[in-house]
$ cat final-v1.cif   # mmCIF, C-alpha atoms and all ligand atoms
data_input
loop_
_atom_site.group_PDB
_atom_site.id
_atom_site.type_symbol
_atom_site.label_atom_id
_atom_site.label_comp_id
_atom_site.auth_asym_id
_atom_site.auth_seq_id
_atom_site.Cartn_x
_atom_site.Cartn_y
_atom_site.Cartn_z
ATOM 1 C CA MET A 19 -30.795 -12.566 -68.469
ATOM 2 C CA ILE A 20 -32.421 -10.558 -65.718
ATOM 3 C CA LYS A 21 -33.264 -13.792 -63.975
ATOM 4 C CA SER A 22 -29.681 -15.005 -63.954
ATOM 5 C CA ARG A 23 -28.546 -11.630 -62.665
ATOM 6 C CA LEU A 24 -31.040 -11.784 -59.828
ATOM 7 C CA PHE A 25 -29.909 -15.297 -59.125
ATOM 8 C CA ALA A 26 -26.289 -14.180 -58.866
ATOM 9 C CA LEU A 27 -27.308 -11.419 -56.481
ATOM 10 C CA ALA A 28 -29.329 -13.836 -54.371
ATOM 11 C CA LEU A 29 -26.314 -16.141 -54.156
ATOM 12 C CA LEU A 30 -24.182 -13.261 -52.978
ATOM 13 C CA LEU A 31 -26.648 -12.149 -50.350
ATOM 14 C CA ALA A 32 -27.542 -15.626 -49.105
ATOM 15 C CA PRO A 33 -24.899 -15.805 -46.350
ATOM 16 C CA ALA A 34 -25.904 -12.393 -45.020
ATOM 17 C CA LEU A 35 -29.574 -13.351 -44.959
ATOM 18 C CA ALA A 36 -28.798 -16.666 -43.273
ATOM 19 C CA ALA A 37 -26.737 -14.868 -40.632
ATOM 20 C CA ALA A 38 -29.528 -12.364 -40.066
ATOM 21 C CA SER A 39 -32.164 -15.026 -39.482
ATOM 22 C CA GLY A 40 -29.933 -16.678 -36.841
ATOM 23 C CA GLY A 41 -29.703 -20.251 -35.605
ATOM 24 C CA GLU A 42 -32.458 -22.333 -34.168
ATOM 25 C CA SER A 43 -32.898 -22.177 -30.432
ATOM 26 C CA ALA A 44 -35.639 -23.334 -28.114
ATOM 27 C CA MET A 45 -34.817 -20.448 -25.820
ATOM 28 C CA GLU A 46 -36.285 -16.990 -25.847
ATOM 29 C CA SER A 47 -34.179 -14.698 -28.024
ATOM 30 C CA SER A 48 -32.172 -12.148 -26.061
ATOM 31 C CA GLN A 49 -32.473 -9.613 -28.918
ATOM 32 C CA ILE A 50 -29.229 -7.988 -27.896
ATOM 33 C CA ASP A 51 -27.876 -5.253 -30.118
ATOM 34 C CA LEU A 52 -24.110 -4.812 -29.844
ATOM 35 C CA THR A 53 -24.286 -1.507 -31.707
ATOM 36 C CA ASP A 54 -26.563 -0.064 -28.999
ATOM 37 C CA LYS A 55 -24.017 1.731 -26.803
ATOM 38 C CA ALA A 56 -26.630 2.853 -24.266
ATOM 39 C CA SER A 57 -27.609 -0.791 -23.692
ATOM 40 C CA LEU A 58 -23.963 -1.832 -23.298
ATOM 41 C CA GLN A 59 -23.342 1.032 -20.858
ATOM 42 C CA ARG A 60 -26.365 0.055 -18.750
ATOM 43 C CA GLY A 61 -25.204 -3.560 -18.908
ATOM 44 C CA ALA A 62 -21.702 -2.641 -17.738
ATOM 45 C CA SER A 63 -23.095 -0.671 -14.833
ATOM 46 C CA LEU A 64 -25.513 -3.466 -13.833
ATOM 47 C CA TYR A 65 -22.714 -6.007 -14.122
ATOM 48 C CA MET A 66 -20.440 -4.013 -11.852
ATOM 49 C CA SER A 67 -23.186 -3.555 -9.226
ATOM 50 C CA TYR A 68 -24.711 -7.020 -9.246
ATOM 51 C CA CYS A 69 -22.193 -9.498 -10.637
ATOM 52 C CA SER A 70 -18.607 -8.318 -10.249
ATOM 53 C CA GLY A 71 -18.710 -9.029 -6.518
ATOM 54 C CA CYS A 72 -18.465 -12.721 -7.410
ATOM 55 C CA HIS A 73 -17.495 -13.003 -11.092
ATOM 56 C CA ALA A 74 -14.273 -11.646 -12.563
ATOM 57 C CA LEU A 75 -13.797 -10.705 -16.207
ATOM 58 C CA GLY A 76 -10.135 -11.590 -16.107
ATOM 59 C CA PHE A 77 -9.463 -11.108 -19.819
ATOM 60 C CA HIS A 78 -10.996 -7.668 -19.960
ATOM 61 C CA ARG A 79 -9.620 -4.284 -18.917
ATOM 62 C CA TYR A 80 -11.631 -1.328 -17.632
ATOM 63 C CA SER A 81 -9.802 0.928 -20.096
ATOM 64 C CA ARG A 82 -10.941 -1.162 -23.062
ATOM 65 C CA THR A 83 -14.533 -0.961 -21.798
ATOM 66 C CA ALA A 84 -14.252 2.826 -21.620
ATOM 67 C CA GLU A 85 -12.954 3.044 -25.162
ATOM 68 C CA ASP A 86 -15.467 0.668 -26.742
ATOM 69 C CA LEU A 87 -18.513 1.919 -24.857
ATOM 70 C CA GLY A 88 -17.754 5.574 -25.420
ATOM 71 C CA LEU A 89 -17.144 6.394 -21.739
ATOM 72 C CA THR A 90 -14.514 8.757 -20.390
ATOM 73 C CA LYS A 91 -11.802 7.594 -17.993
ATOM 74 C CA GLU A 92 -13.524 9.605 -15.244
ATOM 75 C CA GLN A 93 -16.929 8.035 -15.900
ATOM 76 C CA VAL A 94 -15.430 4.568 -15.621
ATOM 77 C CA GLU A 95 -13.491 5.417 -12.466
ATOM 78 C CA GLN A 96 -16.522 6.972 -10.792
ATOM 79 C CA ASN A 97 -19.241 4.581 -11.888
ATOM 80 C CA LEU A 98 -17.787 1.229 -12.813
ATOM 81 C CA ILE A 99 -14.745 0.629 -10.642
ATOM 82 C CA TYR A 100 -15.430 -0.582 -7.123
ATOM 83 C CA GLY A 101 -12.525 -0.854 -4.725
ATOM 84 C CA ASP A 102 -9.073 0.383 -5.551
ATOM 85 C CA ALA A 103 -8.553 -1.085 -9.025
ATOM 86 C CA LYS A 104 -6.795 1.056 -11.644
ATOM 87 C CA ILE A 105 -8.356 1.738 -15.026
ATOM 88 C CA GLY A 106 -5.629 -0.220 -16.843
ATOM 89 C CA GLU A 107 -6.286 -3.362 -14.802
ATOM 90 C CA ASN A 108 -8.424 -6.370 -15.600
ATOM 91 C CA ILE A 109 -11.863 -6.655 -14.019
ATOM 92 C CA ARG A 110 -11.356 -8.841 -10.964
ATOM 93 C CA THR A 111 -13.621 -9.871 -8.144
ATOM 94 C CA GLY A 112 -13.527 -9.605 -4.389
ATOM 95 C CA VAL A 113 -14.271 -13.308 -3.899
ATOM 96 C CA ASN A 114 -11.330 -15.668 -4.095
ATOM 97 C CA ALA A 115 -11.904 -19.209 -5.316
ATOM 98 C CA ASP A 116 -11.628 -20.806 -1.855
ATOM 99 C CA ASP A 117 -14.225 -18.509 -0.281
ATOM 100 C CA GLY A 118 -16.515 -19.045 -3.257
ATOM 101 C CA LEU A 119 -16.227 -22.776 -2.803
ATOM 102 C CA ALA A 120 -16.975 -22.502 0.898
ATOM 103 C CA TRP A 121 -19.920 -20.104 0.492
ATOM 104 C CA PHE A 122 -21.647 -21.496 -2.569
ATOM 105 C CA GLY A 123 -20.249 -25.020 -2.893
ATOM 106 C CA LYS A 124 -18.852 -23.860 -6.212
ATOM 107 C CA ALA A 125 -16.426 -21.083 -7.066
ATOM 108 C CA PRO A 126 -18.156 -18.420 -9.212
ATOM 109 C CA PRO A 127 -16.486 -18.807 -12.634
ATOM 110 C CA ASP A 128 -14.839 -16.040 -14.635
ATOM 111 C CA LEU A 129 -17.427 -14.805 -17.151
ATOM 112 C CA SER A 130 -15.078 -13.376 -19.790
ATOM 113 C CA VAL A 131 -16.211 -15.790 -22.469
ATOM 114 C CA ILE A 132 -19.456 -17.153 -20.995
ATOM 115 C CA ALA A 133 -21.634 -15.756 -23.793
ATOM 116 C CA ARG A 134 -19.597 -17.789 -26.288
ATOM 117 C CA ALA A 135 -19.112 -20.881 -24.122
ATOM 118 C CA LYS A 136 -22.748 -22.007 -24.253
ATOM 119 C CA ALA A 137 -24.231 -23.691 -27.312
ATOM 120 C CA GLN A 138 -27.086 -21.157 -27.348
ATOM 121 C CA GLY A 139 -24.620 -18.270 -27.003
ATOM 122 C CA PRO A 140 -25.827 -15.068 -25.332
ATOM 123 C CA ASP A 141 -29.434 -16.356 -25.333
ATOM 124 C CA TRP A 142 -28.396 -18.851 -22.664
ATOM 125 C CA VAL A 143 -27.247 -16.078 -20.329
ATOM 126 C CA TYR A 144 -30.427 -14.060 -20.964
ATOM 127 C CA ASN A 145 -32.716 -17.003 -20.246
ATOM 128 C CA TYR A 146 -30.627 -18.031 -17.231
ATOM 129 C CA LEU A 147 -30.987 -14.581 -15.654
ATOM 130 C CA LYS A 148 -34.770 -14.740 -16.113
ATOM 131 C CA SER A 149 -35.237 -18.294 -14.840
ATOM 132 C CA PHE A 150 -34.453 -18.205 -11.128
ATOM 133 C CA TYR A 151 -37.253 -19.422 -8.878
ATOM 134 C CA ILE A 152 -37.738 -20.045 -5.207
ATOM 135 C CA ASP A 153 -37.022 -23.651 -4.166
ATOM 136 C CA GLU A 154 -36.742 -24.367 -0.442
ATOM 137 C CA SER A 155 -35.053 -27.687 -1.096
ATOM 138 C CA ARG A 156 -31.920 -25.913 -2.370
ATOM 139 C CA PRO A 157 -29.224 -24.703 0.079
ATOM 140 C CA LEU A 158 -29.620 -21.023 -0.891
ATOM 141 C CA GLY A 159 -33.355 -21.312 -1.550
ATOM 142 C CA TRP A 160 -33.013 -20.724 -5.304
ATOM 143 C CA ASN A 161 -33.149 -22.956 -8.332
ATOM 144 C CA ASN A 162 -33.066 -22.260 -12.055
ATOM 145 C CA THR A 163 -34.841 -23.965 -14.956
ATOM 146 C CA VAL A 164 -32.047 -23.180 -17.433
ATOM 147 C CA PHE A 165 -29.323 -24.407 -15.053
ATOM 148 C CA PRO A 166 -31.043 -26.857 -12.652
ATOM 149 C CA GLY A 167 -29.269 -27.052 -9.306
ATOM 150 C CA ALA A 168 -27.153 -23.936 -9.967
ATOM 151 C CA SER A 169 -25.392 -22.816 -6.796
ATOM 152 C CA MET A 170 -25.746 -19.127 -7.666
ATOM 153 C CA PRO A 171 -28.370 -17.163 -5.715
ATOM 154 C CA HIS A 172 -30.806 -14.954 -7.632
ATOM 155 C CA VAL A 173 -28.950 -11.672 -7.238
ATOM 156 C CA LEU A 174 -31.522 -9.675 -9.224
ATOM 157 C CA TRP A 175 -34.579 -10.712 -7.193
ATOM 158 C CA GLU A 176 -35.225 -7.233 -5.891
ATOM 159 C CA LEU A 177 -35.623 -6.075 -9.486
ATOM 160 C CA GLN A 178 -37.500 -9.057 -10.886
ATOM 161 C CA GLY A 179 -39.464 -10.100 -7.819
ATOM 162 C CA ILE A 180 -39.633 -13.663 -6.509
ATOM 163 C CA GLN A 181 -40.712 -16.181 -9.092
ATOM 164 C CA HIS A 182 -42.716 -19.210 -8.019
ATOM 165 C CA PRO A 183 -43.017 -22.167 -10.370
ATOM 166 C CA VAL A 184 -46.378 -23.038 -11.907
ATOM 167 C CA THR A 185 -46.501 -26.798 -12.298
ATOM 168 C CA GLU A 186 -48.590 -29.594 -13.768
ATOM 169 C CA ALA A 187 -48.556 -33.374 -13.254
ATOM 170 C CA LYS A 188 -46.081 -35.207 -15.465
ATOM 171 C CA HIS A 189 -47.469 -36.556 -18.722
ATOM 172 C CA LYS A 190 -47.439 -40.324 -19.181
ATOM 173 C CA ASN A 191 -46.335 -42.036 -22.350
ATOM 174 C CA ALA A 192 -48.157 -45.022 -23.917
ATOM 175 C CA ALA A 193 -46.351 -47.428 -21.585
ATOM 176 C CA GLY A 194 -47.574 -45.470 -18.570
ATOM 177 C CA GLU A 195 -44.127 -44.070 -17.744
ATOM 178 C CA ASP A 196 -43.504 -40.436 -16.852
ATOM 179 C CA GLU A 197 -42.341 -38.286 -19.742
ATOM 180 C CA ALA A 198 -39.455 -35.855 -19.222
ATOM 181 C CA CYS A 199 -40.382 -32.271 -18.360
ATOM 182 C CA HIS A 200 -39.439 -29.612 -20.935
ATOM 183 C CA LYS A 201 -38.764 -26.778 -18.511
ATOM 184 C CA GLY A 202 -37.573 -28.633 -15.454
ATOM 185 C CA GLU A 203 -39.094 -30.241 -12.408
ATOM 186 C CA TYR A 204 -40.366 -28.988 -9.083
ATOM 187 C CA GLN A 205 -41.510 -31.341 -6.329
ATOM 188 C CA GLY A 206 -42.042 -34.186 -8.791
ATOM 189 C CA ARG A 207 -44.165 -32.099 -11.170
ATOM 190 C CA CYS A 208 -43.306 -30.337 -14.429
ATOM 191 C CA ILE A 209 -42.727 -26.590 -14.440
ATOM 192 C CA THR A 210 -44.841 -24.868 -17.100
ATOM 193 C CA GLY A 211 -44.103 -21.268 -16.214
ATOM 194 C CA PHE A 212 -43.693 -18.789 -13.386
ATOM 195 C CA GLU A 213 -45.809 -16.393 -11.408
ATOM 196 C CA ILE A 214 -44.465 -13.498 -9.362
ATOM 197 C CA PRO A 215 -46.569 -13.135 -6.194
ATOM 198 C CA VAL A 216 -43.887 -10.970 -4.577
ATOM 199 C CA LYS A 217 -43.355 -8.178 -7.090
ATOM 200 C CA GLY A 218 -39.971 -6.622 -7.721
ATOM 201 C CA ARG A 219 -39.045 -3.007 -8.409
ATOM 202 C CA GLN A 220 -39.276 -3.582 -12.157
ATOM 203 C CA THR A 221 -42.142 -4.666 -14.397
ATOM 204 C CA PRO A 222 -41.526 -7.843 -16.439
ATOM 205 C CA GLU A 223 -40.731 -5.665 -19.490
ATOM 206 C CA GLU A 224 -38.245 -3.590 -17.525
ATOM 207 C CA PHE A 225 -36.621 -6.709 -16.159
ATOM 208 C CA ASP A 226 -36.342 -8.132 -19.690
ATOM 209 C CA ARG A 227 -34.372 -5.040 -20.571
ATOM 210 C CA THR A 228 -32.161 -5.445 -17.495
ATOM 211 C CA ALA A 229 -31.406 -9.065 -18.432
ATOM 212 C CA ARG A 230 -30.868 -8.042 -22.065
ATOM 213 C CA ASP A 231 -28.437 -5.229 -21.131
ATOM 214 C CA ILE A 232 -26.330 -7.506 -18.898
ATOM 215 C CA THR A 233 -26.355 -10.186 -21.611
ATOM 216 C CA ALA A 234 -25.305 -7.662 -24.252
ATOM 217 C CA PHE A 235 -22.450 -6.496 -22.050
ATOM 218 C CA LEU A 236 -21.244 -10.078 -21.529
ATOM 219 C CA ALA A 237 -21.535 -10.810 -25.259
ATOM 220 C CA TYR A 238 -19.459 -7.714 -25.965
ATOM 221 C CA VAL A 239 -16.868 -8.706 -23.336
ATOM 222 C CA GLY A 240 -16.584 -12.168 -24.901
ATOM 223 C CA GLU A 241 -15.809 -10.671 -28.283
ATOM 224 C CA PRO A 242 -14.904 -6.994 -28.031
ATOM 225 C CA GLY A 243 -14.084 -6.865 -31.751
ATOM 226 C CA ALA A 244 -17.468 -8.232 -32.846
ATOM 227 C CA VAL A 245 -19.134 -4.837 -33.179
ATOM 228 C CA LYS A 246 -16.550 -3.659 -35.656
ATOM 229 C CA ARG A 247 -16.436 -6.949 -37.545
ATOM 230 C CA GLU A 248 -20.176 -7.028 -38.120
ATOM 231 C CA SER A 249 -20.242 -3.588 -39.637
ATOM 232 C CA VAL A 250 -17.303 -4.547 -41.858
ATOM 233 C CA GLY A 251 -19.301 -7.601 -42.970
ATOM 234 C CA VAL A 252 -22.199 -5.510 -44.223
ATOM 235 C CA TRP A 253 -19.843 -3.349 -46.289
ATOM 236 C CA ALA A 254 -18.122 -6.409 -47.693
ATOM 237 C CA VAL A 255 -21.443 -7.798 -48.938
ATOM 238 C CA LEU A 256 -22.483 -4.436 -50.396
ATOM 239 C CA PHE A 257 -19.113 -4.168 -52.114
ATOM 240 C CA LEU A 258 -19.478 -7.630 -53.615
ATOM 241 C CA ALA A 259 -22.966 -6.817 -54.892
ATOM 242 C CA PHE A 260 -21.722 -3.567 -56.412
ATOM 243 C CA PHE A 261 -18.695 -5.307 -57.910
ATOM 244 C CA THR A 262 -20.925 -7.935 -59.523
ATOM 245 C CA PHE A 263 -22.943 -5.169 -61.095
ATOM 246 C CA LEU A 264 -19.772 -3.510 -62.432
ATOM 247 C CA ALA A 265 -18.532 -6.810 -63.828
ATOM 248 C CA TYR A 266 -21.872 -7.227 -65.544
ATOM 249 C CA LEU A 267 -21.618 -3.785 -67.154
ATOM 250 C CA VAL A 268 -18.112 -4.605 -68.365
ATOM 251 C CA LYS A 269 -19.360 -7.856 -69.858
ATOM 252 C CA VAL A 270 -22.183 -6.075 -71.683
ATOM 253 C CA GLU A 271 -19.654 -3.599 -73.005
ATOM 254 C CA TYR A 272 -17.278 -6.305 -74.309
ATOM 255 C CA TRP A 273 -19.970 -8.381 -75.932
ATOM 256 C CA ARG A 274 -21.476 -5.401 -77.695
ATOM 257 C CA ASP A 275 -18.597 -5.495 -80.214
ATOM 258 C CA VAL A 276 -18.771 -9.265 -80.622
ATOM 259 C CA HIS A 277 -22.453 -9.320 -81.571
HETATM 260 C C1 LIG B 1 -23.033 -14.169 -4.639
HETATM 261 C C2 LIG B 1 -22.140 -14.568 -5.700
HETATM 262 C C3 LIG B 1 -22.637 -14.425 -7.119
HETATM 263 C C4 LIG B 1 -23.111 -13.275 -7.723
HETATM 264 C C5 LIG B 1 -23.262 -11.893 -7.116
HETATM 265 C C6 LIG B 1 -23.403 -13.638 -9.079
HETATM 266 N N1 LIG B 1 -23.103 -14.947 -9.298
HETATM 267 FE FE1 LIG B 1 -23.203 -15.922 -11.095
HETATM 268 N N2 LIG B 1 -22.566 -17.640 -10.198
HETATM 269 C C7 LIG B 1 -22.217 -17.766 -8.872
HETATM 270 C C8 LIG B 1 -21.816 -19.141 -8.608
HETATM 271 C C9 LIG B 1 -21.382 -19.712 -7.258
HETATM 272 C C10 LIG B 1 -21.939 -19.816 -9.852
HETATM 273 C C11 LIG B 1 -21.625 -21.304 -10.129
HETATM 274 C C12 LIG B 1 -22.942 -22.044 -10.218
HETATM 275 C C13 LIG B 1 -22.752 -23.528 -10.384
HETATM 276 O O1 LIG B 1 -21.867 -23.940 -11.148
HETATM 277 O O2 LIG B 1 -23.513 -24.285 -9.755
HETATM 278 C C14 LIG B 1 -22.396 -18.843 -10.819
HETATM 279 C C15 LIG B 1 -22.639 -19.133 -12.157
HETATM 280 C C16 LIG B 1 -22.988 -18.200 -13.122
HETATM 281 C C17 LIG B 1 -23.154 -18.480 -14.523
HETATM 282 C C18 LIG B 1 -22.989 -19.826 -15.200
HETATM 283 C C19 LIG B 1 -21.535 -20.064 -15.451
HETATM 284 C C20 LIG B 1 -21.254 -21.368 -16.156
HETATM 285 O O3 LIG B 1 -20.054 -21.635 -16.323
HETATM 286 O O4 LIG B 1 -22.178 -22.110 -16.520
HETATM 287 C C21 LIG B 1 -23.492 -17.300 -15.127
HETATM 288 C C22 LIG B 1 -23.768 -17.068 -16.588
HETATM 289 C C23 LIG B 1 -23.542 -16.304 -14.101
HETATM 290 N N3 LIG B 1 -23.233 -16.876 -12.886
HETATM 291 C C24 LIG B 1 -23.878 -14.991 -14.317
HETATM 292 C C25 LIG B 1 -24.003 -14.041 -13.323
HETATM 293 C C26 LIG B 1 -24.441 -12.685 -13.577
HETATM 294 C C27 LIG B 1 -24.771 -12.104 -14.952
HETATM 295 C C28 LIG B 1 -24.477 -12.058 -12.381
HETATM 296 C C29 LIG B 1 -24.948 -10.649 -12.090
HETATM 297 C C30 LIG B 1 -26.293 -10.347 -12.481
HETATM 298 C C31 LIG B 1 -24.036 -13.019 -11.377
HETATM 299 N N4 LIG B 1 -23.766 -14.211 -11.996
HETATM 300 C C32 LIG B 1 -23.904 -12.744 -10.017
HETATM 301 C C33 LIG B 1 -22.216 -16.775 -7.911
HETATM 302 C C34 LIG B 1 -22.635 -15.473 -8.122
#
$ encode --input "final-v1.cif" --output "structure tokens"
Amino acid sequence: MIKSRLFALALLLAPALAAASGGESAMESSQIDLTDKASLQRGASLYMSYCSGCHALGFHRYSRTAEDLGLTKEQVEQNLIYGDAKIGENIRTGVNADDGLAWFGKAPPDLSVIARAKAQGPDWVYNYLKSFYIDESRPLGWNNTVFPGASMPHVLWELQGIQHPVTEAKHKNAAGEDEACHKGEYQGRCITGFEIPVKGRQTPEEFDRTARDITAFLAYVGEPGAVKRESVGVWAVLFLAFFTFLAYLVKVEYWRDVH
């Protein structure tokens, strides 16, 4: 009896547990927490300083950001809005598509839904921000192991420092052919990691937090309702568990007379 009850409970909780353990991903986990308002606020501020010059968030209004992140209208106007935009407007950029094309060879895309657009979700953005390295063969001098050949410069280099790739010779398979590199290629060799000979203003741990905060902000922007929905989900599961227990008590009560 107790066993079957536990089993029923386990069945009920299974989806929640599966969701908590997350999907498989070869990338480093961003460990973003959409309920952490301080992280989202830092992310919004970093985004406005370092990213909004090129990338718009065309589906997102400043006013919504204020509301969701617990900021006042004044705080948003003073700290997040550059230029003459109004708080009710969408977050646009100073770069128009033609200039972007001319300057970078590629127009910087709108990032409203970027954290959902990639198969790895927000983790992709987090790993991308951490994976810029110096590569003289590229027009802007930067390359990226997560997005090889990306035409975006490393805008956070002053914080992170300048990463140089650490490489090893390509492995050969049994037939003597080169095997593919896992992390990307540099000058015909495989990248195994990075070193930072020119240090930035932040330690690696601090820069992880910077990348995490920006990623969290972009994940929030991609799904502003997600914070609310997740907390509703927890209550729904708790309710179901409680309801099962009630139903069990009712059953015991009914069968008492039958026996
Ligand atoms: C100087 C302009 C510029 C700035 C500033 C800039 N980017 Fe970019 N970004 C680009 C360009 C250009 C691309 C397109 C790269 C390509 O497709 O080769 C891009 C691409 C991206 C992509 C990949 C988009 C996709 O569709 O795959 C992400 C994510 C991104 N940027 C995030 C950021 C973040 C976060 C910041 C701020 C920390 C930032 N960018 C700052 C120019 C910029």
$ residues_near_ligand --input "final-v1.cif" --ligand "ligand LIG 1 (chain B)" --cutoff "6 Å" --atoms "all atoms listed in the file" --output "PyMOL selection string"
chain A and resi 65+68-69+71-72+122+124-127+143+168-170+173
$ closest_atom_pairs --input "final-v1.cif" --of "stretch 99-196 of chain A" --to "stretch 45-50 of chain A" --cutoff "9 Å" --atoms "all atoms listed in the file" --output "CSV"
residue,atom,partner,partner_atom,distance
A:Gln138,CA,A:Met45,CA,7.9
A:Pro140,CA,A:Ser48,CA,7.0
A:Asp141,CA,A:Ser48,CA,5.1
A:Trp142,CA,A:Met45,CA,7.3
A:Val143,CA,A:Ser48,CA,8.5
A:Tyr144,CA,A:Ser48,CA,5.7
A:Asn145,CA,A:Glu46,CA,6.6
$ closest_residue --input "final-v1.cif" --among "A:Ile109, A:Ala44, A:Val184, A:Leu75" --to "A:Ile214" --atoms "all atoms listed in the file"
A:Val184
$ closest_atom_pairs --input "final-v1.cif" --of "stretch 123-206 of chain A" --to "stretch 230-246 of chain A" --cutoff "6 Å" --atoms "all atoms listed in the file" --output "CSV"
residue,atom,partner,partner_atom,distance
A:Ser130,CA,A:Gly240,CA,5.5
A:Val131,CA,A:Gly240,CA,4.4
A:Ala133,CA,A:Ala237,CA,5.2
A:Tyr144,CA,A:Thr233,CA,5.7
$ atom_distance --input "final-v1.cif" --atom1 "atom CA of A:Leu89" --atom2 "atom CA of A:Lys55"
9.7 Å
$ axis_aligned_box --input "final-v1.cif" --around "stretch 225-231 of chain A" --padding-each-side "6 Å" --output "JSON"
{"center_x": -32.5, "center_y": -7.1, "center_z": -19.1, "size_x": 20.2, "size_y": 16.0, "size_z": 17.9}
$ closest_residue --input "final-v1.cif" --among "A:Pro157, A:Gly123, A:Gly106, A:Gly179" --to "A:Gly218" --atoms "all atoms listed in the file"
A:Gly179
$ atom_distance --input "final-v1.cif" --atom1 "atom CA of A:Phe165" --atom2 "atom CA of A:Gln59"
26.8 Å
$ atom_distance --input "final-v1.cif" --atom1 "atom CA of A:Asp54" --atom2 "atom CA of A:Thr163"
28.9 Å
$ closest_residue --input "final-v1.cif" --among "A:Ala198, A:Ala192, A:Cys208, A:Val216" --to "A:Gln178" --atoms "all atoms listed in the file"
A:Val216
$ build_atoms --input "final-v1.cif" --residues "stretch 213-227 of chain A" --atoms "N, CA and C atoms" --output "PDB file, in the frame of the given file"
ATOM      1  N   GLU A 213     -45.014 -17.555 -11.795  1.00  0.00           N
ATOM      2  CA  GLU A 213     -45.809 -16.393 -11.408  1.00  0.00           C
ATOM      3  C   GLU A 213     -44.966 -15.618 -10.393  1.00  0.00           C
ATOM      4  N   ILE A 214     -45.278 -14.343 -10.258  1.00  0.00           N
ATOM      5  CA  ILE A 214     -44.465 -13.498  -9.362  1.00  0.00           C
ATOM      6  C   ILE A 214     -45.375 -12.885  -8.299  1.00  0.00           C
ATOM      7  N   PRO A 215     -45.681 -13.670  -7.235  1.00  0.00           N
ATOM      8  CA  PRO A 215     -46.569 -13.135  -6.194  1.00  0.00           C
ATOM      9  C   PRO A 215     -45.905 -11.996  -5.423  1.00  0.00           C
ATOM     10  N   VAL A 216     -44.590 -12.073  -5.234  1.00  0.00           N
ATOM     11  CA  VAL A 216     -43.887 -10.970  -4.577  1.00  0.00           C
ATOM     12  C   VAL A 216     -43.217 -10.144  -5.668  1.00  0.00           C
ATOM     13  N   LYS A 217     -43.829  -8.991  -5.969  1.00  0.00           N
ATOM     14  CA  LYS A 217     -43.355  -8.178  -7.090  1.00  0.00           C
ATOM     15  C   LYS A 217     -42.004  -7.529  -6.803  1.00  0.00           C
ATOM     16  N   GLY A 218     -41.249  -7.308  -7.854  1.00  0.00           N
ATOM     17  CA  GLY A 218     -39.971  -6.622  -7.721  1.00  0.00           C
ATOM     18  C   GLY A 218     -40.118  -5.143  -8.048  1.00  0.00           C
ATOM     19  N   ARG A 219     -38.993  -4.431  -8.094  1.00  0.00           N
ATOM     20  CA  ARG A 219     -39.045  -3.007  -8.409  1.00  0.00           C
ATOM     21  C   ARG A 219     -39.333  -2.758  -9.880  1.00  0.00           C
ATOM     22  N   GLN A 220     -39.084  -3.774 -10.725  1.00  0.00           N
ATOM     23  CA  GLN A 220     -39.276  -3.582 -12.157  1.00  0.00           C
ATOM     24  C   GLN A 220     -40.483  -4.382 -12.664  1.00  0.00           C
ATOM     25  N   THR A 221     -41.101  -3.890 -13.729  1.00  0.00           N
ATOM     26  CA  THR A 221     -42.142  -4.666 -14.397  1.00  0.00           C
ATOM     27  C   THR A 221     -41.430  -5.759 -15.203  1.00  0.00           C
ATOM     28  N   PRO A 222     -42.171  -6.794 -15.641  1.00  0.00           N
ATOM     29  CA  PRO A 222     -41.526  -7.843 -16.439  1.00  0.00           C
ATOM     30  C   PRO A 222     -40.800  -7.274 -17.665  1.00  0.00           C
ATOM     31  N   GLU A 223     -41.378  -6.256 -18.313  1.00  0.00           N
ATOM     32  CA  GLU A 223     -40.731  -5.665 -19.490  1.00  0.00           C
ATOM     33  C   GLU A 223     -39.423  -4.973 -19.101  1.00  0.00           C
ATOM     34  N   GLU A 224     -39.470  -4.258 -17.984  1.00  0.00           N
ATOM     35  CA  GLU A 224     -38.245  -3.590 -17.525  1.00  0.00           C
ATOM     36  C   GLU A 224     -37.179  -4.610 -17.163  1.00  0.00           C
ATOM     37  N   PHE A 225     -37.611  -5.699 -16.538  1.00  0.00           N
ATOM     38  CA  PHE A 225     -36.621  -6.709 -16.159  1.00  0.00           C
ATOM     39  C   PHE A 225     -36.045  -7.406 -17.396  1.00  0.00           C
ATOM     40  N   ASP A 226     -36.866  -7.589 -18.424  1.00  0.00           N
ATOM     41  CA  ASP A 226     -36.342  -8.132 -19.690  1.00  0.00           C
ATOM     42  C   ASP A 226     -35.199  -7.255 -20.192  1.00  0.00           C
ATOM     43  N   ARG A 227     -35.406  -5.951 -20.095  1.00  0.00           N
ATOM     44  CA  ARG A 227     -34.372  -5.040 -20.571  1.00  0.00           C
ATOM     45  C   ARG A 227     -33.117  -5.151 -19.708  1.00  0.00           C
TER      46      ARG A 227
END
